[in-house]
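A.B. asks: One file: structure39.csv (CSV, C-alpha atoms).
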```
chain,number,residue,atom,x,y,z
A,1,MET,CA,-16.4,30.9,-11.4
A,2,PHE,CA,-14.5,28.9,-8.7
A,3,LEU,CA,-16.6,27.4,-5.9
A,4,ALA,CA,-15.7,25.1,-3.0
A,5,LYS,CA,-17.2,21.6,-3.1
A,6,GLY,CA,-20.7,21.3,-1.7
A,7,VAL,CA,-21.7,25.0,-1.9
A,8,CYS,CA,-25.1,25.7,-3.3
A,9,VAL,CA,-25.1,28.2,-6.2
A,10,GLU,CA,-27.8,29.7,-8.2
A,11,GLU,CA,-27.3,32.5,-10.8
A,12,ARG,CA,-29.9,34.6,-12.5
A,13,GLN,CA,-29.8,37.6,-14.9
A,14,ARG,CA,-32.1,40.6,-14.2
A,15,GLU,CA,-31.8,43.9,-15.9
A,16,GLY,CA,-28.1,43.3,-16.8
A,17,ILE,CA,-27.1,42.4,-13.3
A,18,ARG,CA,-26.1,38.8,-12.3
A,19,THR,CA,-26.8,37.8,-8.7
A,20,VAL,CA,-25.5,34.7,-7.0
A,21,SER,CA,-27.0,32.8,-4.0
A,22,LEU,CA,-24.1,31.2,-2.1
A,23,SER,CA,-25.2,29.1,0.7
A,24,GLY,CA,-28.2,31.4,1.3
A,25,ARG,CA,-26.3,34.7,0.9
A,26,THR,CA,-27.0,36.9,-2.1
A,27,VAL,CA,-24.1,38.5,-3.9
A,28,LEU,CA,-23.6,40.1,-7.3
A,29,LEU,CA,-21.4,39.2,-10.3
A,30,LEU,CA,-21.3,40.6,-13.8
A,31,GLY,CA,-21.7,38.4,-16.8
A,32,ARG,CA,-24.0,36.4,-19.0
A,33,PHE,CA,-27.0,34.5,-17.7
A,34,ARG,CA,-26.4,31.0,-16.4
A,35,SER,CA,-28.4,28.9,-14.0
A,36,SER,CA,-27.0,26.0,-11.9
A,37,SER,CA,-27.6,24.4,-8.6
A,38,PRO,CA,-25.1,21.5,-8.0
A,39,CYS,CA,-26.2,21.0,-4.4
A,40,GLY,CA,-29.7,20.1,-5.4
A,41,ALA,CA,-30.9,22.3,-2.5
A,42,PRO,CA,-33.3,25.2,-2.9
A,43,CYS,CA,-31.7,28.7,-3.0
A,44,LEU,CA,-33.2,32.0,-1.9
A,45,SER,CA,-34.9,34.3,-4.4
A,46,LEU,CA,-32.7,37.0,-5.7
A,47,MET,CA,-33.1,40.8,-6.0
A,48,PRO,CA,-31.1,43.4,-7.9
A,49,MET,CA,-28.4,45.3,-6.0
A,50,ASP,CA,-27.0,48.8,-6.2
A,51,PRO,CA,-23.4,49.1,-7.5
A,52,SER,CA,-21.8,49.8,-4.1
A,53,SER,CA,-23.4,46.8,-2.6
A,54,ALA,CA,-22.4,44.8,-5.6
A,55,MET,CA,-18.7,45.5,-5.2
A,56,LEU,CA,-18.8,44.7,-1.5
A,57,SER,CA,-20.7,41.4,-2.1
A,58,GLN,CA,-18.3,40.4,-4.8
A,59,ALA,CA,-15.4,40.9,-2.5
A,60,LEU,CA,-17.1,38.9,0.2
A,61,LEU,CA,-17.8,36.1,-2.2
A,62,LEU,CA,-14.2,35.9,-3.3
A,63,LEU,CA,-13.1,36.0,0.4
A,64,GLN,CA,-15.5,33.2,1.4
A,65,CYS,CA,-14.5,31.0,-1.5
A,66,PHE,CA,-10.8,31.5,-0.6
A,67,ILE,CA,-11.4,30.6,3.0
A,68,LEU,CA,-13.4,27.5,2.1
A,69,THR,CA,-10.8,26.4,-0.3
A,70,LEU,CA,-7.9,27.2,2.0
A,71,GLY,CA,-9.4,24.9,4.6
A,72,GLN,CA,-8.7,21.9,2.4
A,73,TYR,CA,-5.0,22.6,2.0
A,74,ASP,CA,-1.9,23.0,4.2
A,75,ASN,CA,-0.3,26.4,4.7
A,76,CYS,CA,3.0,26.6,2.7
A,77,LYS,CA,5.6,29.3,2.8
A,78,SER,CA,8.6,30.3,0.7
A,79,LEU,CA,11.4,32.8,1.4
A,80,VAL,CA,11.1,35.7,-1.0
A,81,SER,CA,13.8,38.4,-1.5
A,82,THR,CA,12.5,42.0,-1.4
A,83,ASP,CA,14.0,45.5,-1.1
A,84,ASP,CA,13.4,45.4,2.6
A,85,GLY,CA,15.1,42.0,3.0
A,86,PRO,CA,13.9,38.4,2.9
A,87,ILE,CA,10.3,37.7,4.0
A,88,TRP,CA,8.1,34.7,4.3
A,89,GLU,CA,5.4,34.4,1.7
A,90,TYR,CA,2.4,32.2,2.8
A,91,TYR,CA,0.1,30.5,0.3
A,92,ALA,CA,-2.2,27.5,0.0
A,93,CYS,CA,-0.4,24.4,-1.1
A,94,GLN,CA,-1.1,20.7,-1.9
A,95,PRO,CA,-3.7,18.6,-0.1
A,96,ARG,CA,-2.6,16.6,3.0
A,97,PRO,CA,-1.2,13.1,2.4
A,98,MET,CA,-3.6,10.2,2.5
A,99,SER,CA,-3.9,6.5,1.7
A,100,MET,CA,-4.9,6.0,-2.0
A,101,LYS,CA,-5.9,2.4,-1.5
A,102,GLU,CA,-9.6,3.0,-1.6
A,103,TYR,CA,-9.4,5.0,-4.8
A,104,MET,CA,-7.1,2.8,-6.9
A,105,GLN,CA,-8.4,0.7,-9.8
A,106,ILE,CA,-6.8,-2.8,-10.0
A,107,ARG,CA,-6.3,-4.9,-13.1
A,108,VAL,CA,-4.5,-8.2,-13.0
A,109,GLU,CA,-3.0,-10.0,-16.1
A,110,PRO,CA,-3.2,-12.5,-17.6
A,111,PRO,CA,-7.0,-12.7,-17.1
A,112,ASP,CA,-6.9,-16.3,-15.9
A,113,ILE,CA,-4.1,-15.8,-13.4
A,114,THR,CA,-6.5,-15.5,-10.4
A,115,CYS,CA,-7.2,-18.9,-8.7
A,116,GLY,CA,-10.6,-20.5,-8.4
A,117,ASN,CA,-11.8,-21.1,-11.9
A,118,PRO,CA,-11.7,-24.0,-12.0
A,119,PRO,CA,-11.4,-24.7,-8.2
A,120,GLU,CA,-7.9,-25.7,-7.2
A,121,ARG,CA,-6.2,-27.1,-4.1
A,122,PHE,CA,-3.0,-25.5,-2.7
A,123,CYS,CA,-0.7,-25.9,0.3
A,124,THR,CA,1.8,-23.6,2.1
A,125,LEU,CA,5.6,-23.7,2.2
A,126,GLU,CA,5.5,-24.4,5.9
A,127,ASN,CA,3.2,-27.4,5.4
A,128,PRO,CA,4.0,-28.5,1.9
A,129,TYR,CA,2.3,-31.9,2.1
A,130,LEU,CA,-0.9,-30.8,3.8
A,131,CYS,CA,-2.7,-29.6,0.7
A,132,SER,CA,-6.2,-29.3,2.1
A,133,ASP,CA,-6.8,-25.6,1.3
A,134,GLU,CA,-9.0,-24.8,-1.7
A,135,CYS,CA,-9.5,-21.8,-3.9
A,136,ASP,CA,-13.0,-21.7,-5.5
A,137,ALA,CA,-14.3,-18.6,-7.3
A,138,SER,CA,-17.9,-19.7,-7.0
A,139,THR,CA,-17.8,-19.8,-3.2
A,140,LYS,CA,-17.4,-16.5,-1.4
A,141,GLU,CA,-15.5,-18.0,1.6
A,142,LEU,CA,-13.1,-19.7,-0.7
A,143,ALA,CA,-12.7,-17.0,-3.4
A,144,HIS,CA,-9.6,-14.7,-3.6
A,145,PRO,CA,-10.5,-12.0,-6.2
A,146,PRO,CA,-8.2,-8.9,-6.9
A,147,GLU,CA,-10.4,-6.5,-4.8
A,148,LEU,CA,-9.2,-8.2,-1.7
A,149,MET,CA,-5.9,-6.4,-2.1
A,150,GLN,CA,-7.6,-3.1,-1.2
A,151,ASP,CA,-10.3,-4.0,1.4
A,152,ARG,CA,-10.0,-2.9,5.0
A,153,GLU,CA,-9.5,-5.7,7.6
A,154,ARG,CA,-10.3,-4.1,10.9
A,155,THR,CA,-11.7,-7.3,12.3
A,156,GLY,CA,-12.0,-10.9,11.2
A,157,PRO,CA,-9.7,-13.0,9.1
A,158,ILE,CA,-7.2,-11.6,6.7
A,159,THR,CA,-8.4,-11.6,3.1
A,160,TYR,CA,-6.2,-11.8,0.0
A,161,TRP,CA,-5.9,-12.1,-3.7
A,162,GLN,CA,-4.3,-15.3,-4.9
A,163,THR,CA,-3.0,-16.7,-8.2
A,164,VAL,CA,-3.2,-20.2,-9.6
A,165,THR,CA,-0.4,-22.5,-8.5
A,166,TRP,CA,2.8,-23.2,-10.5
A,167,SER,CA,1.4,-26.3,-12.1
A,168,ARG,CA,2.8,-25.5,-15.5
A,169,PHE,CA,6.5,-25.5,-14.3
A,170,PRO,CA,9.0,-25.0,-15.9
A,171,GLU,CA,6.9,-22.4,-17.7
A,172,PRO,CA,7.3,-19.2,-15.7
A,173,LEU,CA,4.5,-18.2,-13.3
A,174,LEU,CA,4.0,-14.5,-14.3
A,175,ALA,CA,1.5,-12.0,-13.1
A,176,ASN,CA,1.0,-8.2,-13.6
A,177,ILE,CA,-0.9,-6.1,-11.2
A,178,SER,CA,-1.7,-2.6,-12.6
A,179,LEU,CA,-2.9,0.2,-10.3
A,180,SER,CA,-4.4,3.4,-11.7
A,181,TRP,CA,-6.0,6.6,-10.2
A,182,ASN,CA,-6.7,8.6,-13.4
A,183,LYS,CA,-4.6,11.6,-12.0
A,184,THR,CA,-1.1,12.5,-11.1
A,185,LEU,CA,-0.1,11.7,-7.5
A,186,GLU,CA,3.1,12.4,-5.5
A,187,LEU,CA,4.4,9.8,-3.0
A,188,THR,CA,4.6,11.0,0.7
A,189,ASP,CA,5.5,7.7,2.4
A,190,ASP,CA,6.7,4.1,1.6
A,191,ILE,CA,4.7,1.9,-0.8
A,192,GLN,CA,3.9,-1.3,1.1
A,193,ILE,CA,2.8,-4.6,-0.5
A,194,THR,CA,1.9,-7.3,2.0
A,195,PHE,CA,2.2,-10.9,0.8
A,196,GLN,CA,0.3,-13.6,2.6
A,197,TYR,CA,2.3,-16.8,1.8
A,198,GLY,CA,5.9,-15.7,1.2
A,199,ARG,CA,7.3,-12.8,-0.8
A,200,PRO,CA,8.4,-13.3,-4.4
A,201,THR,CA,12.0,-14.2,-5.1
A,202,ILE,CA,11.9,-11.9,-8.2
A,203,MET,CA,9.7,-8.9,-8.7
A,204,VAL,CA,9.7,-5.5,-10.4
A,205,LEU,CA,7.8,-2.3,-9.4
A,206,ASP,CA,7.1,-0.1,-12.4
A,207,LYS,CA,5.5,3.4,-12.7
A,208,SER,CA,4.0,5.5,-15.4
A,209,LEU,CA,3.6,9.2,-15.7
A,210,ASN,CA,1.2,9.1,-18.7
A,211,TYR,CA,-1.6,6.8,-17.6
A,212,GLY,CA,0.0,3.6,-18.6
A,213,ARG,CA,1.1,4.4,-22.1
A,214,ASN,CA,4.8,4.1,-21.2
A,215,TRP,CA,6.3,2.4,-18.2
A,216,GLN,CA,9.7,2.7,-16.4
A,217,PRO,CA,11.1,0.6,-13.6
A,218,TYR,CA,10.9,2.1,-10.1
A,219,GLN,CA,12.8,-0.7,-8.3
A,220,TYR,CA,14.0,-4.3,-8.9
A,221,TYR,CA,13.6,-7.0,-6.2
A,222,ALA,CA,15.4,-10.3,-6.3
A,223,ASP,CA,17.1,-12.8,-3.9
A,224,ASP,CA,20.0,-12.7,-6.4
A,225,CYS,CA,20.1,-9.3,-8.2
A,226,MET,CA,23.0,-10.2,-10.4
A,227,GLU,CA,21.4,-13.5,-11.6
A,228,ALA,CA,18.0,-12.0,-12.1
A,229,PHE,CA,18.8,-8.5,-13.6
A,230,GLY,CA,22.6,-8.3,-14.0
A,231,MET,CA,22.7,-5.6,-11.2
A,232,TYR,CA,24.6,-5.4,-7.9
A,233,SER,CA,22.3,-5.5,-4.9
A,234,LYS,CA,22.0,-2.1,-3.2
A,235,ARG,CA,19.9,-0.5,-0.5
A,236,VAL,CA,18.6,3.1,-0.2
A,237,GLN,CA,21.2,3.7,2.5
A,238,ASP,CA,23.8,3.4,-0.3
A,239,LEU,CA,22.3,6.3,-2.2
A,240,SER,CA,23.3,10.0,-1.8
A,241,ALA,CA,21.9,13.4,-2.8
A,242,THR,CA,23.5,13.1,-6.2
A,243,ASN,CA,22.0,9.7,-7.1
A,244,VAL,CA,18.8,9.5,-5.0
A,245,THR,CA,16.7,8.9,-8.2
A,246,ARG,CA,18.8,6.0,-9.3
A,247,VAL,CA,16.8,2.8,-10.0
A,248,ILE,CA,18.3,0.0,-7.8
A,249,CYS,CA,17.9,-3.7,-7.3
A,250,THR,CA,17.6,-4.9,-3.7
A,251,ASP,CA,17.7,-8.3,-2.1
A,252,GLN,CA,16.3,-7.0,1.2
A,253,TYR,CA,12.7,-8.2,0.6
A,254,SER,CA,13.3,-11.3,-1.4
A,255,LYS,CA,15.3,-13.7,0.7
A,256,TRP,CA,13.3,-16.4,2.5
A,257,VAL,CA,12.7,-15.7,6.1
A,258,GLY,CA,9.5,-17.6,6.5
A,259,SER,CA,6.1,-16.5,5.3
A,260,LYS,CA,4.9,-15.4,8.7
A,261,ASN,CA,8.0,-13.6,9.9
A,262,ASP,CA,8.1,-10.8,7.4
A,263,LYS,CA,5.4,-10.3,4.8
A,264,THR,CA,6.1,-6.8,3.5
A,265,VAL,CA,7.8,-5.5,0.4
A,266,ARG,CA,8.5,-1.8,0.4
A,267,PHE,CA,9.5,1.0,-2.0
A,268,GLU,CA,11.3,3.2,0.5
A,269,VAL,CA,10.2,6.8,0.2
A,270,LYS,CA,10.9,8.1,3.7
A,271,GLU,CA,14.5,6.9,3.5
A,272,ARG,CA,15.0,8.8,0.3
A,273,PHE,CA,13.4,11.9,1.9
A,274,SER,CA,15.8,11.6,4.8
A,275,ILE,CA,18.8,12.1,2.5
A,276,PHE,CA,17.7,15.7,2.3
A,277,ALA,CA,15.5,16.2,5.4
A,278,GLY,CA,17.8,14.3,7.8
A,279,THR,CA,16.9,11.7,10.4
A,280,LYS,CA,13.2,11.9,11.5
A,281,SER,CA,12.7,14.4,8.7
A,282,LYS,CA,13.7,17.4,10.9
A,283,ASN,CA,14.8,19.6,7.9
A,284,MET,CA,11.7,19.4,5.6
A,285,TYR,CA,12.5,22.8,4.2
A,286,ASN,CA,15.7,21.5,2.6
A,287,LEU,CA,13.7,18.7,1.1
A,288,TYR,CA,11.0,21.0,-0.3
A,289,THR,CA,13.8,23.3,-1.7
A,290,ARG,CA,15.5,20.4,-3.4
A,291,MET,CA,12.2,19.2,-4.8
A,292,GLU,CA,11.7,22.5,-6.6
A,293,SER,CA,15.3,23.1,-7.7
A,294,MET,CA,16.8,19.6,-8.4
A,295,LYS,CA,15.9,18.5,-11.9
A,296,GLY,CA,13.8,15.3,-12.0
A,297,LEU,CA,13.4,14.9,-8.2
A,298,ARG,CA,9.7,15.7,-8.0
A,299,ASP,CA,9.0,13.6,-11.1
A,300,PHE,CA,10.8,10.7,-9.5
A,301,PHE,CA,8.2,10.7,-6.7
A,302,SER,CA,5.3,11.3,-9.1
A,303,PHE,CA,3.2,8.8,-11.0
A,304,THR,CA,-0.2,8.2,-12.5
A,305,ASN,CA,0.0,4.4,-12.5
A,306,LEU,CA,1.9,1.7,-10.7
A,307,ARG,CA,2.5,-1.9,-11.8
A,308,LEU,CA,3.8,-4.9,-10.0
A,309,ARG,CA,5.5,-7.5,-12.2
A,310,LEU,CA,5.6,-10.8,-10.3
A,311,LEU,CA,8.3,-13.0,-12.0
A,312,ARG,CA,9.0,-15.8,-9.6
A,313,PRO,CA,7.1,-16.9,-6.4
A,314,ALA,CA,8.6,-17.7,-3.0
A,315,LEU,CA,10.5,-21.0,-3.0
A,316,GLY,CA,11.0,-21.6,0.7
A,317,GLY,CA,14.7,-21.0,0.6
A,318,THR,CA,15.4,-23.9,-1.8
A,319,TYR,CA,15.0,-24.9,-5.4
A,320,VAL,CA,11.7,-25.7,-7.1
A,321,GLN,CA,10.5,-29.2,-6.1
A,322,ARG,CA,8.7,-30.6,-9.1
A,323,ASP,CA,6.9,-33.3,-7.1
A,324,ASN,CA,4.8,-30.7,-5.3
A,325,LEU,CA,4.0,-27.6,-7.3
A,326,LEU,CA,0.9,-26.7,-5.3
A,327,LYS,CA,2.9,-24.7,-2.8
A,328,TYR,CA,4.1,-22.2,-5.3
A,329,PHE,CA,1.8,-19.1,-6.0
A,330,TYR,CA,1.4,-15.4,-5.2
A,331,ALA,CA,-0.9,-14.1,-2.6
A,332,ILE,CA,-1.3,-10.4,-1.7
A,333,SER,CA,-3.4,-9.2,1.2
A,334,ASP,CA,-2.8,-5.4,1.1
A,335,ILE,CA,-1.3,-2.7,-1.1
A,336,ASP,CA,-0.9,0.7,0.6
A,337,VAL,CA,0.1,3.8,-1.3
A,338,GLN,CA,0.4,7.1,0.7
A,339,ALA,CA,0.4,10.1,-1.6
A,340,ARG,CA,-1.1,13.5,-2.3
```
Mind converting the file's structure to structure tokens?

C.D. replies:
Amino acid sequence: MFLAKGVCVEERQREGIRTVSLSGRTVLLLGRFRSSSPCGAPCLSLMPMDPSSAMLSQALLLLQCFILTLGQYDNCKSLVSTDDGPIWEYYACQPRPMSMKEYMQIRVEPPDITCGNPPERFCTLENPYLCSDECDASTKELAHPPELMQDRERTGPITYWQTVTWSRFPEPLLANISLSWNKTLELTDDIQITFQYGRPTIMVLDKSLNYGRNWQPYQYYADDCMEAFGMYSKRVQDLSATNVTRVICTDQYSKWVGSKNDKTVRFEVKERFSIFAGTKSKNMYNLYTRMESMKGLRDFFSFTNLRLRLLRPALGGTYVQRDNLLKYFYAISDIDVQAR
């Protein structure tokens, strides 16, 4: 039996009749005996009902469950052809979009990529020779663990996850950040990754549709796409309705503009939506129609897992300076995924 979340239920069998207490109201259902009370709250004692009352009670139960459930969803409609002409058919659809940041599980690889064990000094690209900052996992104020990528920063200083510095250059400084939700989600807005000390010069965003068993690229990012991936740099504005699901490489978020001027890397969802819905998403019906009819479009915006592959850190607009490798690392303060 389907029940809305948080509704107290108790079922008992008496003389072949099953009665149900739903939030203090007694109704009847037919079936085998089962007892449950997920709310943990006491339910009223139950009495047998006559058949006419039973049918009315069952109808009321179904109606109440439908109303409680419908309240959790948006109202959707579709145009249906009938003998009397086209009519709008209304129904309950998907939940409202929301931030999935609090629900994501984060895993970083390799395991020793997070700074602080052992403690390590670092400096910034703006002040490359003032290396007085320290990362120390044993001290809360100096630690930068992965969970700081998903905390809320309403007040106080910005917190962030940080890797070790590029002390092993020329060996690549590589880091993977895997995000999982244990369910299929559908993007409703841009994915935004906020970097604290400069955006990577080379990065890949991957996605999985089967809980991380297989991965496919979502978008490539590089200050030189041809050198990094053998691809011409493109932007979402270059796409059309016929190739909106094409995986592109963009240099829009990888060129050095200063670590404080622009910290965000995006996977542009709204701009892709606007290809069908128009500017300011005025024609959402056209978007929804295309999502249902265009092969692969809904799957393109769906995922179970996301992964960031960080391949080369910010360099400050120049080449790697071997005499000061303490200024090269990755630091992420926030990952925001809006989906349903």

A.B. asks: Suppose you want the space between CA of Asn286 (chain A) and CA of Glu271 (chain A); what is it in Å?

C.D. replies: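 Distance reported for this atom pair: 14.7 Å.
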
A.B. asks: Write out as a PDB file with C-alpha atoms, in the coordinates of the input each polymer residue whose atoms come within 8 Å of Asn117 (chain A), counting all atoms listed in the file; drop sequence neighbours fewer than 2 positions from it.

C.D. replies:
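After the write, out-v2.pdb holds the following:
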```pdb
ATOM      1  CA  ASP A 112      -6.900 -16.300 -15.900  1.00  0.00           C
ATOM      2  CA  THR A 114      -6.500 -15.500 -10.400  1.00  0.00           C
ATOM      3  CA  CYS A 115      -7.200 -18.900  -8.700  1.00  0.00           C
ATOM      4  CA  PRO A 119     -11.400 -24.700  -8.200  1.00  0.00           C
ATOM      5  CA  GLU A 120      -7.900 -25.700  -7.200  1.00  0.00           C
ATOM      6  CA  ASP A 136     -13.000 -21.700  -5.500  1.00  0.00           C
ATOM      7  CA  ALA A 137     -14.300 -18.600  -7.300  1.00  0.00           C
ATOM      8  CA  SER A 138     -17.900 -19.700  -7.000  1.00  0.00           C
TER       9      SER A 138
END
```

A.B. asks: Would you mind listing, for every residue of region 126-216 of chain A within 6 Å of region 303-308 of chain A, the two atoms forming the shortest contact and the distance between them in Å to one decimal, using all atoms listed in the file, sorted by chain and ascending residue number, as a tab-separated table?

C.D. replies:
```
residue	atom	partner	partner_atom	distance
A:Asn176	CA	A:Leu308	CA	5.6
A:Ile177	CA	A:Leu308	CA	5.0
A:Ser178	CA	A:Arg307	CA	4.3
A:Leu179	CA	A:Leu306	CA	5.0
A:Ser180	CA	A:Asn305	CA	4.6
A:Lys183	CA	A:Thr304	CA	5.6
A:Thr184	CA	A:Thr304	CA	4.6
A:Leu185	CA	A:Phe303	CA	5.6
A:Val204	CA	A:Leu308	CA	5.9
A:Leu205	CA	A:Leu308	CA	4.8
A:Asp206	CA	A:Arg307	CA	5.0
A:Lys207	CA	A:Leu306	CA	4.5
A:Ser208	CA	A:Asn305	CA	5.1
A:Leu209	CA	A:Phe303	CA	4.7
A:Tyr211	CA	A:Thr304	CA	5.5
```

A.B. asks: Which one is closest to Asp190 (chain A): A:Leu148, A:Val269, A:Val320, A:Met226? Count all atoms listed in the file.

C.D. replies: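 So, comparing all the options, the nearest one is A:Val269.
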
A.B. asks: Please report the interatomic distance between CA of Thr163 (chain A) and CA of Cys249 (chain A) in Å with one decimal.

C.D. replies: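 If I compute the distance from CA of Thr163 (chain A) to CA of Cys249 (chain A), I get 24.6 Å.
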
A.B. asks: For a test of reading the model, state the distance in Å between CA of Val244 (chain A) and CA of Lys295 (chain A), rounded to one decimal.

C.D. replies: 11.7 Å

A.B. asks: Identify, on the basis of all atoms listed in the file, every residue whose closest approach to Leu326 (chain A) does not exceed 10 Å; exclude the query and any residue fewer than 5 positions from it along the same chain; express the result as a list of chain:residue names.

C.D. replies: A:Glu120, A:Arg121, A:Phe122, A:Cys123, A:Thr124, A:Leu125, A:Pro128, A:Tyr129, A:Cys131, A:Val164, A:Thr165, A:Trp166, A:Ser167, A:Gln321

A.B. asks: Residues within 9 Å of (8.4, -12.9, -8.5), file coordinates, counting only C-alpha atoms: what are they? Give the list as a ChimeraX atom specification.

C.D. replies: /A:173-175,199-204,221-222,254,309-314,330

A.B. asks: Find the residues around Leu239 (chain A) up to 12 Å (all atoms listed in the file counted), leave out those fewer than 2 positions away in its own chain, and share them as number ranges by chain.

C.D. replies: A: 234-237, 241-248, 268, 271-276

A.B. asks: Go through A:Asp334, A:Glu171, A:Asp223, A:Glu292 one by one, measure the shortest atom-to-atom distance of each to Glu102 (chain A) using only C-alpha atoms, and give the residue with the smallest value.

C.D. replies: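 Nearest to Glu102 (chain A): A:Asp334.
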
A.B. asks: Model the absent atoms of region 142-162 of chain A so that N, CA and C atoms are present, and write the result as a CSV table (one decimal), keeping the file's coordinate frame.

C.D. replies:
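Written file, part-v9.csv:
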```
chain,number,residue,atom,x,y,z
A,142,LEU,N,-14.3,-19.1,-0.2
A,142,LEU,CA,-13.1,-19.7,-0.7
A,142,LEU,C,-12.5,-18.9,-1.9
A,143,ALA,N,-13.1,-17.8,-2.3
A,143,ALA,CA,-12.7,-17.0,-3.4
A,143,ALA,C,-11.6,-16.0,-3.0
A,144,HIS,N,-10.7,-15.7,-3.9
A,144,HIS,CA,-9.6,-14.7,-3.6
A,144,HIS,C,-9.5,-13.7,-4.8
A,145,PRO,N,-10.5,-12.9,-5.0
A,145,PRO,CA,-10.5,-12.0,-6.2
A,145,PRO,C,-9.5,-10.8,-5.9
A,146,PRO,N,-9.2,-10.0,-7.0
A,146,PRO,CA,-8.2,-8.9,-6.9
A,146,PRO,C,-8.7,-7.8,-5.9
A,147,GLU,N,-10.0,-7.6,-5.7
A,147,GLU,CA,-10.4,-6.5,-4.8
A,147,GLU,C,-10.0,-6.7,-3.4
A,148,LEU,N,-9.6,-7.9,-3.0
A,148,LEU,CA,-9.2,-8.2,-1.7
A,148,LEU,C,-7.9,-7.6,-1.3
A,149,MET,N,-7.2,-7.1,-2.3
A,149,MET,CA,-5.9,-6.4,-2.1
A,149,MET,C,-6.1,-5.0,-1.5
A,150,GLN,N,-7.3,-4.5,-1.6
A,150,GLN,CA,-7.6,-3.1,-1.2
A,150,GLN,C,-8.7,-2.9,-0.1
A,151,ASP,N,-9.2,-4.1,0.4
A,151,ASP,CA,-10.3,-4.0,1.4
A,151,ASP,C,-9.6,-3.7,2.7
A,152,ARG,N,-10.5,-3.2,3.7
A,152,ARG,CA,-10.0,-2.9,5.0
A,152,ARG,C,-10.3,-4.1,5.9
A,153,GLU,N,-9.4,-4.5,6.7
A,153,GLU,CA,-9.5,-5.7,7.6
A,153,GLU,C,-9.3,-5.3,9.0
A,154,ARG,N,-10.3,-4.5,9.5
A,154,ARG,CA,-10.3,-4.1,10.9
A,154,ARG,C,-10.5,-5.3,11.8
A,155,THR,N,-11.4,-6.1,11.5
A,155,THR,CA,-11.7,-7.3,12.3
A,155,THR,C,-11.9,-8.5,11.4
A,156,GLY,N,-11.8,-9.7,12.0
A,156,GLY,CA,-12.0,-10.9,11.2
A,156,GLY,C,-10.8,-11.4,10.5
A,157,PRO,N,-10.9,-12.4,9.7
A,157,PRO,CA,-9.7,-13.0,9.1
A,157,PRO,C,-9.1,-12.2,8.0
A,158,ILE,N,-7.9,-12.4,7.7
A,158,ILE,CA,-7.2,-11.6,6.7
A,158,ILE,C,-7.7,-12.2,5.3
A,159,THR,N,-8.0,-11.2,4.4
A,159,THR,CA,-8.4,-11.6,3.1
A,159,THR,C,-7.3,-11.3,2.1
A,160,TYR,N,-7.3,-12.0,1.0
A,160,TYR,CA,-6.2,-11.8,0.0
A,160,TYR,C,-6.5,-12.3,-1.4
A,161,TRP,N,-5.8,-11.6,-2.3
A,161,TRP,CA,-5.9,-12.1,-3.7
A,161,TRP,C,-4.9,-13.2,-3.9
A,162,GLN,N,-5.2,-14.2,-4.7
A,162,GLN,CA,-4.3,-15.3,-4.9
A,162,GLN,C,-4.3,-15.8,-6.3
```
